[in-house]
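Structure file target_23.cif (mmCIF, N, CA, C and O atoms) is printed below.
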data_input
loop_
_atom_site.label_atom_id
_atom_site.label_comp_id
_atom_site.auth_asym_id
_atom_site.auth_seq_id
_atom_site.Cartn_x
_atom_site.Cartn_y
_atom_site.Cartn_z
N MET N 1 128.52 99.37 94.22
CA MET N 1 127.40 100.29 94.18
C MET N 1 127.06 100.60 92.73
O MET N 1 127.94 100.80 91.92
N LYS N 2 125.78 100.60 92.43
CA LYS N 2 125.30 100.93 91.08
C LYS N 2 124.43 102.18 91.21
O LYS N 2 123.25 102.09 91.50
N LYS N 3 125.03 103.34 90.99
CA LYS N 3 124.30 104.59 91.15
C LYS N 3 123.46 104.92 89.93
O LYS N 3 123.88 104.70 88.80
N THR N 4 122.28 105.46 90.23
CA THR N 4 121.35 105.92 89.20
C THR N 4 120.86 107.29 89.61
O THR N 4 120.62 107.55 90.79
N ILE N 5 120.71 108.19 88.64
CA ILE N 5 120.15 109.52 88.88
C ILE N 5 118.70 109.51 88.42
O ILE N 5 118.40 109.12 87.29
N ILE N 6 117.82 109.91 89.32
CA ILE N 6 116.38 109.97 89.01
C ILE N 6 115.95 111.42 89.11
O ILE N 6 116.26 112.10 90.09
N THR N 7 115.25 111.91 88.08
CA THR N 7 114.70 113.26 88.12
C THR N 7 113.18 113.18 88.00
O THR N 7 112.65 112.33 87.28
N VAL N 8 112.53 114.08 88.72
CA VAL N 8 111.06 114.16 88.71
C VAL N 8 110.69 115.62 88.54
O VAL N 8 111.13 116.46 89.33
N VAL N 9 109.90 115.93 87.52
CA VAL N 9 109.50 117.31 87.24
C VAL N 9 108.03 117.35 86.87
O VAL N 9 107.55 116.51 86.11
N GLY N 10 107.32 118.35 87.41
CA GLY N 10 105.91 118.52 87.05
C GLY N 10 105.22 119.48 87.99
O GLY N 10 105.84 120.07 88.87
N HIS N 11 103.91 119.64 87.81
CA HIS N 11 103.13 120.49 88.70
C HIS N 11 103.10 119.85 90.08
O HIS N 11 102.93 118.64 90.21
N ASP N 12 103.28 120.67 91.10
CA ASP N 12 103.29 120.18 92.47
C ASP N 12 101.92 119.62 92.85
O ASP N 12 100.88 120.14 92.44
N GLN N 13 101.96 118.53 93.60
CA GLN N 13 100.74 117.92 94.13
C GLN N 13 101.11 117.02 95.30
O GLN N 13 102.27 116.65 95.46
N VAL N 14 100.14 116.67 96.08
CA VAL N 14 100.36 115.78 97.23
C VAL N 14 100.71 114.38 96.74
O VAL N 14 100.10 113.86 95.81
N GLY N 15 101.74 113.78 97.35
CA GLY N 15 102.03 112.37 97.12
C GLY N 15 103.12 112.02 96.13
O GLY N 15 103.40 110.84 95.93
N ILE N 16 103.75 113.00 95.50
CA ILE N 16 104.78 112.69 94.50
C ILE N 16 105.93 111.93 95.15
O ILE N 16 106.32 110.84 94.69
N ILE N 17 106.47 112.49 96.22
CA ILE N 17 107.61 111.85 96.87
C ILE N 17 107.20 110.48 97.42
O ILE N 17 107.94 109.50 97.29
N ALA N 18 106.02 110.40 97.99
CA ALA N 18 105.54 109.12 98.55
C ALA N 18 105.47 108.03 97.48
O ALA N 18 105.91 106.90 97.71
N LYS N 19 104.92 108.36 96.32
CA LYS N 19 104.80 107.37 95.24
C LYS N 19 106.17 106.86 94.79
O LYS N 19 106.38 105.67 94.63
N VAL N 20 107.08 107.81 94.55
CA VAL N 20 108.41 107.44 94.06
C VAL N 20 109.16 106.64 95.12
O VAL N 20 109.72 105.58 94.83
N CYS N 21 109.15 107.11 96.36
CA CYS N 21 109.90 106.43 97.42
C CYS N 21 109.32 105.06 97.76
O CYS N 21 110.06 104.14 98.08
N THR N 22 108.01 104.92 97.68
CA THR N 22 107.39 103.61 97.90
C THR N 22 107.86 102.62 96.85
O THR N 22 108.24 101.48 97.17
N TYR N 23 107.87 103.03 95.59
CA TYR N 23 108.35 102.16 94.51
C TYR N 23 109.81 101.77 94.76
O TYR N 23 110.17 100.60 94.63
N LEU N 24 110.64 102.73 95.13
CA LEU N 24 112.05 102.44 95.36
C LEU N 24 112.21 101.45 96.51
O LEU N 24 112.97 100.48 96.39
N ALA N 25 111.52 101.66 97.61
CA ALA N 25 111.62 100.77 98.76
C ALA N 25 111.16 99.35 98.40
O ALA N 25 111.81 98.36 98.78
N GLU N 26 110.06 99.24 97.67
CA GLU N 26 109.55 97.93 97.28
C GLU N 26 110.52 97.17 96.38
O GLU N 26 110.47 95.95 96.29
N ASN N 27 111.41 97.90 95.71
CA ASN N 27 112.37 97.28 94.80
C ASN N 27 113.81 97.30 95.33
O ASN N 27 114.75 97.12 94.57
N HIS N 28 113.94 97.49 96.65
CA HIS N 28 115.24 97.40 97.33
C HIS N 28 116.26 98.40 96.78
O HIS N 28 117.43 98.07 96.63
N VAL N 29 115.79 99.60 96.48
CA VAL N 29 116.65 100.66 95.97
C VAL N 29 116.88 101.64 97.12
O VAL N 29 115.93 102.14 97.73
N ASN N 30 118.15 101.90 97.42
CA ASN N 30 118.51 102.78 98.53
C ASN N 30 118.71 104.21 98.02
O ASN N 30 119.43 104.44 97.05
N ILE N 31 118.11 105.17 98.70
CA ILE N 31 118.28 106.58 98.37
C ILE N 31 119.56 107.07 99.04
O ILE N 31 119.69 107.03 100.26
N LEU N 32 120.50 107.55 98.23
CA LEU N 32 121.77 108.06 98.75
C LEU N 32 121.72 109.56 98.99
O LEU N 32 122.32 110.06 99.93
N ASP N 33 121.02 110.27 98.11
CA ASP N 33 120.91 111.72 98.23
C ASP N 33 119.62 112.16 97.54
O ASP N 33 119.20 111.54 96.56
N ILE N 34 119.02 113.20 98.07
CA ILE N 34 117.77 113.68 97.49
C ILE N 34 117.69 115.20 97.66
O ILE N 34 118.08 115.74 98.70
N SER N 35 117.22 115.87 96.62
CA SER N 35 117.02 117.31 96.66
C SER N 35 115.72 117.61 95.95
O SER N 35 115.46 117.08 94.87
N GLN N 36 114.88 118.44 96.56
CA GLN N 36 113.64 118.81 95.89
C GLN N 36 113.32 120.26 96.18
O GLN N 36 113.62 120.77 97.24
N THR N 37 112.75 120.89 95.16
CA THR N 37 112.32 122.28 95.28
C THR N 37 110.97 122.44 94.62
O THR N 37 110.59 121.65 93.75
N ILE N 38 110.29 123.48 95.03
CA ILE N 38 109.05 123.87 94.38
C ILE N 38 109.19 125.35 94.03
O ILE N 38 109.43 126.18 94.90
N VAL N 39 109.07 125.64 92.74
CA VAL N 39 109.19 127.01 92.26
C VAL N 39 107.94 127.35 91.45
O VAL N 39 107.65 126.68 90.46
N SER N 40 107.22 128.35 91.91
CA SER N 40 105.99 128.80 91.22
C SER N 40 105.05 127.65 90.89
O SER N 40 104.49 127.58 89.80
N GLY N 41 104.92 126.72 91.82
CA GLY N 41 104.00 125.61 91.65
C GLY N 41 104.56 124.42 90.88
O GLY N 41 103.86 123.44 90.66
N PHE N 42 105.81 124.50 90.45
CA PHE N 42 106.44 123.39 89.75
C PHE N 42 107.36 122.63 90.69
O PHE N 42 108.23 123.21 91.35
N PHE N 43 107.16 121.33 90.74
CA PHE N 43 107.93 120.43 91.59
C PHE N 43 109.14 119.92 90.81
O PHE N 43 109.03 119.54 89.66
N ASN N 44 110.31 119.92 91.46
CA ASN N 44 111.53 119.42 90.83
C ASN N 44 112.30 118.63 91.88
O ASN N 44 112.60 119.15 92.95
N MET N 45 112.59 117.37 91.57
CA MET N 45 113.34 116.53 92.50
C MET N 45 114.43 115.78 91.76
O MET N 45 114.24 115.32 90.64
N MET N 46 115.59 115.70 92.40
CA MET N 46 116.69 114.90 91.88
C MET N 46 117.13 113.96 92.98
O MET N 46 117.30 114.39 94.13
N MET N 47 117.28 112.70 92.63
CA MET N 47 117.71 111.70 93.60
C MET N 47 118.91 110.94 93.04
O MET N 47 118.98 110.70 91.83
N ILE N 48 119.81 110.58 93.91
CA ILE N 48 120.87 109.64 93.56
C ILE N 48 120.58 108.39 94.38
O ILE N 48 120.43 108.47 95.60
N VAL N 49 120.44 107.27 93.69
CA VAL N 49 120.07 106.03 94.36
C VAL N 49 121.06 104.92 94.02
O VAL N 49 121.77 104.99 93.02
N ASP N 50 121.06 103.91 94.87
CA ASP N 50 121.90 102.72 94.66
C ASP N 50 120.96 101.57 94.32
O ASP N 50 120.13 101.17 95.12
N THR N 51 121.11 101.03 93.10
CA THR N 51 120.22 99.97 92.62
C THR N 51 120.83 98.58 92.70
O THR N 51 120.26 97.63 92.18
N LYS N 52 121.97 98.43 93.36
CA LYS N 52 122.66 97.14 93.35
C LYS N 52 121.84 96.01 93.97
O LYS N 52 122.00 94.86 93.59
N GLU N 53 120.95 96.30 94.91
CA GLU N 53 120.14 95.26 95.56
C GLU N 53 118.84 94.96 94.81
O GLU N 53 118.15 94.00 95.13
N SER N 54 118.52 95.76 93.83
CA SER N 54 117.29 95.55 93.06
C SER N 54 117.46 94.40 92.08
O SER N 54 118.51 94.23 91.47
N GLU N 55 116.42 93.59 91.97
CA GLU N 55 116.45 92.46 91.04
C GLU N 55 115.98 92.85 89.64
O GLU N 55 116.06 92.05 88.71
N LYS N 56 115.51 94.07 89.49
CA LYS N 56 114.99 94.51 88.18
C LYS N 56 116.13 94.94 87.27
O LYS N 56 117.10 95.54 87.70
N GLU N 57 115.96 94.64 85.98
CA GLU N 57 116.89 95.16 84.99
C GLU N 57 116.67 96.66 84.87
O GLU N 57 115.56 97.16 85.09
N PHE N 58 117.71 97.39 84.49
CA PHE N 58 117.62 98.84 84.45
C PHE N 58 116.48 99.32 83.55
O PHE N 58 115.74 100.23 83.91
N GLY N 59 116.32 98.72 82.38
CA GLY N 59 115.27 99.14 81.45
C GLY N 59 113.88 99.02 82.06
O GLY N 59 113.04 99.91 81.91
N THR N 60 113.64 97.93 82.76
CA THR N 60 112.35 97.73 83.43
C THR N 60 112.16 98.76 84.53
O THR N 60 111.09 99.36 84.66
N PHE N 61 113.20 98.97 85.31
CA PHE N 61 113.19 99.95 86.39
C PHE N 61 112.83 101.34 85.86
O PHE N 61 111.92 102.01 86.36
N ALA N 62 113.52 101.77 84.81
CA ALA N 62 113.29 103.10 84.23
C ALA N 62 111.88 103.21 83.65
O ALA N 62 111.21 104.24 83.82
N THR N 63 111.41 102.17 82.98
CA THR N 63 110.08 102.17 82.38
C THR N 63 108.99 102.23 83.45
O THR N 63 108.00 102.96 83.29
N GLU N 64 109.16 101.48 84.51
CA GLU N 64 108.16 101.50 85.59
C GLU N 64 108.11 102.85 86.29
O GLU N 64 107.02 103.33 86.63
N LEU N 65 109.26 103.47 86.48
CA LEU N 65 109.25 104.83 87.06
C LEU N 65 108.55 105.81 86.13
O LEU N 65 107.77 106.66 86.57
N GLU N 66 108.83 105.70 84.83
CA GLU N 66 108.18 106.57 83.85
C GLU N 66 106.66 106.38 83.90
O GLU N 66 105.89 107.35 83.83
N LYS N 67 106.21 105.15 84.05
CA LYS N 67 104.78 104.84 84.13
C LYS N 67 104.16 105.47 85.37
O LYS N 67 103.07 106.05 85.30
N ILE N 68 104.86 105.40 86.49
CA ILE N 68 104.37 106.04 87.72
C ILE N 68 104.22 107.54 87.47
O ILE N 68 103.23 108.15 87.86
N GLY N 69 105.20 108.14 86.82
CA GLY N 69 105.13 109.56 86.49
C GLY N 69 103.90 109.88 85.64
O GLY N 69 103.20 110.86 85.92
N ASN N 70 103.64 109.06 84.64
CA ASN N 70 102.46 109.27 83.79
C ASN N 70 101.17 109.20 84.61
O ASN N 70 100.24 109.97 84.38
N GLU N 71 101.12 108.27 85.55
CA GLU N 71 99.92 108.08 86.38
C GLU N 71 99.66 109.30 87.27
O GLU N 71 98.50 109.63 87.52
N ILE N 72 100.72 109.96 87.73
CA ILE N 72 100.52 111.08 88.65
C ILE N 72 100.76 112.45 88.00
O ILE N 72 100.71 113.48 88.66
N GLY N 73 101.04 112.46 86.70
CA GLY N 73 101.14 113.71 85.96
C GLY N 73 102.47 114.43 86.07
O GLY N 73 102.52 115.66 85.98
N VAL N 74 103.56 113.68 86.27
CA VAL N 74 104.90 114.27 86.28
C VAL N 74 105.79 113.48 85.32
O VAL N 74 105.42 112.40 84.87
N VAL N 75 106.96 114.01 85.03
CA VAL N 75 107.92 113.32 84.17
C VAL N 75 109.03 112.76 85.07
O VAL N 75 109.66 113.51 85.81
N ILE N 76 109.20 111.44 85.01
CA ILE N 76 110.25 110.79 85.81
C ILE N 76 111.22 110.14 84.84
O ILE N 76 110.83 109.36 83.98
N LYS N 77 112.49 110.47 85.00
CA LYS N 77 113.56 109.90 84.18
C LYS N 77 114.61 109.27 85.08
O LYS N 77 114.95 109.83 86.12
N ALA N 78 115.11 108.11 84.68
CA ALA N 78 116.20 107.44 85.39
C ALA N 78 117.36 107.28 84.42
O ALA N 78 117.17 106.87 83.27
N GLN N 79 118.56 107.65 84.89
CA GLN N 79 119.76 107.53 84.06
C GLN N 79 120.86 106.88 84.89
O GLN N 79 121.06 107.25 86.05
N ARG N 80 121.56 105.95 84.29
CA ARG N 80 122.72 105.36 84.97
C ARG N 80 123.77 106.45 85.19
O ARG N 80 123.96 107.32 84.35
N GLU N 81 124.47 106.36 86.30
CA GLU N 81 125.47 107.37 86.63
C GLU N 81 126.54 107.50 85.55
O GLU N 81 126.90 108.62 85.16
N ASP N 82 127.01 106.38 85.01
CA ASP N 82 128.08 106.46 84.01
C ASP N 82 127.63 107.17 82.74
O ASP N 82 128.35 107.98 82.18
N ILE N 83 126.40 106.94 82.30
CA ILE N 83 125.88 107.62 81.11
C ILE N 83 125.63 109.09 81.42
O ILE N 83 125.94 109.97 80.61
N PHE N 84 125.11 109.38 82.60
CA PHE N 84 124.87 110.76 83.01
C PHE N 84 126.19 111.52 83.02
O PHE N 84 126.28 112.64 82.50
N ASP N 85 127.25 110.91 83.58
CA ASP N 85 128.56 111.56 83.62
C ASP N 85 129.11 111.80 82.21
O ASP N 85 129.64 112.88 81.92
N MET N 86 128.97 110.82 81.34
CA MET N 86 129.49 110.97 79.97
C MET N 86 128.76 112.09 79.22
O MET N 86 129.38 112.83 78.47
N MET N 87 127.44 112.22 79.42
CA MET N 87 126.69 113.26 78.75
C MET N 87 127.15 114.65 79.16
O MET N 87 127.09 115.59 78.38
N HIS N 88 127.60 114.78 80.38
CA HIS N 88 127.95 116.09 80.91
C HIS N 88 129.44 116.39 80.85
O HIS N 88 129.90 117.38 81.38
N HIS N 89 130.20 115.54 80.16
CA HIS N 89 131.64 115.79 79.96
C HIS N 89 131.93 116.29 78.56
O HIS N 89 133.09 116.39 78.19
N LEU N 90 130.91 116.55 77.78
CA LEU N 90 131.12 117.02 76.42
C LEU N 90 131.58 118.46 76.39
O LEU N 90 131.34 119.26 77.18
#
Could you express the structure from this file as structure tokens?
Amino acid sequence: MKKTIITVVGHDQVGIIAKVCTYLAENHVNILDISQTIVSGFFNMMMIVDTKESEKEFGTFATELEKIGNEIGVVIKAQREDIFDMMHHL
């Protein structure tokens, strides 16, 4: 399993989850866990996904998600689990 943490933050609007999940499905990425909240009109989502079946290199995957975020007006970040864990062990 190759876990990746994806975060999505921005003003709430229709279709954010649909756009992200469609991209993931098209690239054979399995969603393992998902949490989303809306606070005072701000959308916040965190996903843990398994990218082992995806044929895309991580850099391409992260860049394409970021581009989707730019298109819909939110910030999307993808981080490998091992790097995410190391950042939070300081």
- Up to 7 Å from (123.7, 102.8, 89.6) in the file's coordinates: name the residues, counting all atoms listed in the file, as a ChimeraX atom specification. /N:1-5,49-52,79-82
- Query: How would you write, as a ChimeraX atom specification, the set of residues in chain N that DSSP gives as alpha helix (DSSP H)?
  - Reply: /N:16-26,58-72,81-87
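The spacing separating atom O of Cys21 (chain N) from CA of Phe42 (chain N) amounts to 21.3 Å.
Between atom C of Leu65 (chain N) and atom N of Lys77 (chain N) lies a distance of 6.2 Å.
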- Query: Can you list, as a ChimeraX atom specification, every residue of region 18-76 of chain N that DSSP puts in strand (DSSP E)?
  - Reply: /N:30-39,42-50,74-76
Could you write out the selected residues, including N, CA, C and O atoms, as a CSV table (one decimal), in the frame of the given file?
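Dumped to part_14.csv:
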chain,number,residue,atom,x,y,z
N,30,ASN,N,118.2,101.9,97.4
N,30,ASN,CA,118.5,102.8,98.5
N,30,ASN,C,118.7,104.2,98.0
N,30,ASN,O,119.4,104.4,97.0
N,31,ILE,N,118.1,105.2,98.7
N,31,ILE,CA,118.3,106.6,98.4
N,31,ILE,C,119.6,107.1,99.0
N,31,ILE,O,119.7,107.0,100.3
N,32,LEU,N,120.5,107.6,98.2
N,32,LEU,CA,121.8,108.1,98.8
N,32,LEU,C,121.7,109.6,99.0
N,32,LEU,O,122.3,110.1,99.9
N,33,ASP,N,121.0,110.3,98.1
N,33,ASP,CA,120.9,111.7,98.2
N,33,ASP,C,119.6,112.2,97.5
N,33,ASP,O,119.2,111.5,96.6
N,34,ILE,N,119.0,113.2,98.1
N,34,ILE,CA,117.8,113.7,97.5
N,34,ILE,C,117.7,115.2,97.7
N,34,ILE,O,118.1,115.7,98.7
N,35,SER,N,117.2,115.9,96.6
N,35,SER,CA,117.0,117.3,96.7
N,35,SER,C,115.7,117.6,96.0
N,35,SER,O,115.5,117.1,94.9
N,36,GLN,N,114.9,118.4,96.6
N,36,GLN,CA,113.6,118.8,95.9
N,36,GLN,C,113.3,120.3,96.2
N,36,GLN,O,113.6,120.8,97.2
N,37,THR,N,112.8,120.9,95.2
N,37,THR,CA,112.3,122.3,95.3
N,37,THR,C,111.0,122.4,94.6
N,37,THR,O,110.6,121.6,93.8
N,38,ILE,N,110.3,123.5,95.0
N,38,ILE,CA,109.0,123.9,94.4
N,38,ILE,C,109.2,125.4,94.0
N,38,ILE,O,109.4,126.2,94.9
N,39,VAL,N,109.1,125.6,92.7
N,39,VAL,CA,109.2,127.0,92.3
N,39,VAL,C,107.9,127.4,91.4
N,39,VAL,O,107.6,126.7,90.5
N,42,PHE,N,105.8,124.5,90.4
N,42,PHE,CA,106.4,123.4,89.8
N,42,PHE,C,107.4,122.6,90.7
N,42,PHE,O,108.2,123.2,91.4
N,43,PHE,N,107.2,121.3,90.7
N,43,PHE,CA,107.9,120.4,91.6
N,43,PHE,C,109.1,119.9,90.8
N,43,PHE,O,109.0,119.5,89.7
N,44,ASN,N,110.3,119.9,91.5
N,44,ASN,CA,111.5,119.4,90.8
N,44,ASN,C,112.3,118.6,91.9
N,44,ASN,O,112.6,119.2,93.0
N,45,MET,N,112.6,117.4,91.6
N,45,MET,CA,113.3,116.5,92.5
N,45,MET,C,114.4,115.8,91.8
N,45,MET,O,114.2,115.3,90.6
N,46,MET,N,115.6,115.7,92.4
N,46,MET,CA,116.7,114.9,91.9
N,46,MET,C,117.1,114.0,93.0
N,46,MET,O,117.3,114.4,94.1
N,47,MET,N,117.3,112.7,92.6
N,47,MET,CA,117.7,111.7,93.6
N,47,MET,C,118.9,110.9,93.0
N,47,MET,O,119.0,110.7,91.8
N,48,ILE,N,119.8,110.6,93.9
N,48,ILE,CA,120.9,109.6,93.6
N,48,ILE,C,120.6,108.4,94.4
N,48,ILE,O,120.4,108.5,95.6
N,49,VAL,N,120.4,107.3,93.7
N,49,VAL,CA,120.1,106.0,94.4
N,49,VAL,C,121.1,104.9,94.0
N,49,VAL,O,121.8,105.0,93.0
N,50,ASP,N,121.1,103.9,94.9
N,50,ASP,CA,121.9,102.7,94.7
N,50,ASP,C,121.0,101.6,94.3
N,50,ASP,O,120.1,101.2,95.1
N,74,VAL,N,103.6,113.7,86.3
N,74,VAL,CA,104.9,114.3,86.3
N,74,VAL,C,105.8,113.5,85.3
N,74,VAL,O,105.4,112.4,84.9
N,75,VAL,N,107.0,114.0,85.0
N,75,VAL,CA,107.9,113.3,84.2
N,75,VAL,C,109.0,112.8,85.1
N,75,VAL,O,109.7,113.5,85.8
N,76,ILE,N,109.2,111.4,85.0
N,76,ILE,CA,110.2,110.8,85.8
N,76,ILE,C,111.2,110.1,84.8
N,76,ILE,O,110.8,109.4,84.0
- Message: Selection in question (the file shown): the PyMOL selection byres ((chain N and resi 48) around 4.5). Which residues does it include, as a list in words?
- Response: Thr4, Asn30, Ile31, Leu32, Asp33, Met46, Met47 and Val49 of chain N
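Among N:Ile6, N:Ile83, N:Ala78, N:Ala62, the residue with the shortest atom-to-atom distance to Asn44 (chain N), counting only C-alpha atoms, is N:Ile6.
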- Item | Within-8 Å shell of (108.4, 114.8, 91.3) in input frame, all atoms listed in the file, as a VMD selection string | chain N and resid 7 to 13 15 to 17 20 37 42 to 46 69 73 to 76
Need the axis-aligned box for region 51-60 of chain N with 5 Å each side, so what are the centre and edges in Å to one decimal, as JSON?
{"center_x": 116.9, "center_y": 96.5, "center_z": 88.5, "size_x": 21.6, "size_y": 19.0, "size_z": 24.1}
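Atom O of Val39 (chain N) is found 24.9 Å from CA of Tyr23 (chain N).
When only N, CA, C and O atoms are used to measure the gap to Val29 (chain N), the shortest distance among N:Ser54, N:Thr60, N:Ile72, N:Gly41 belongs to N:Ser54.
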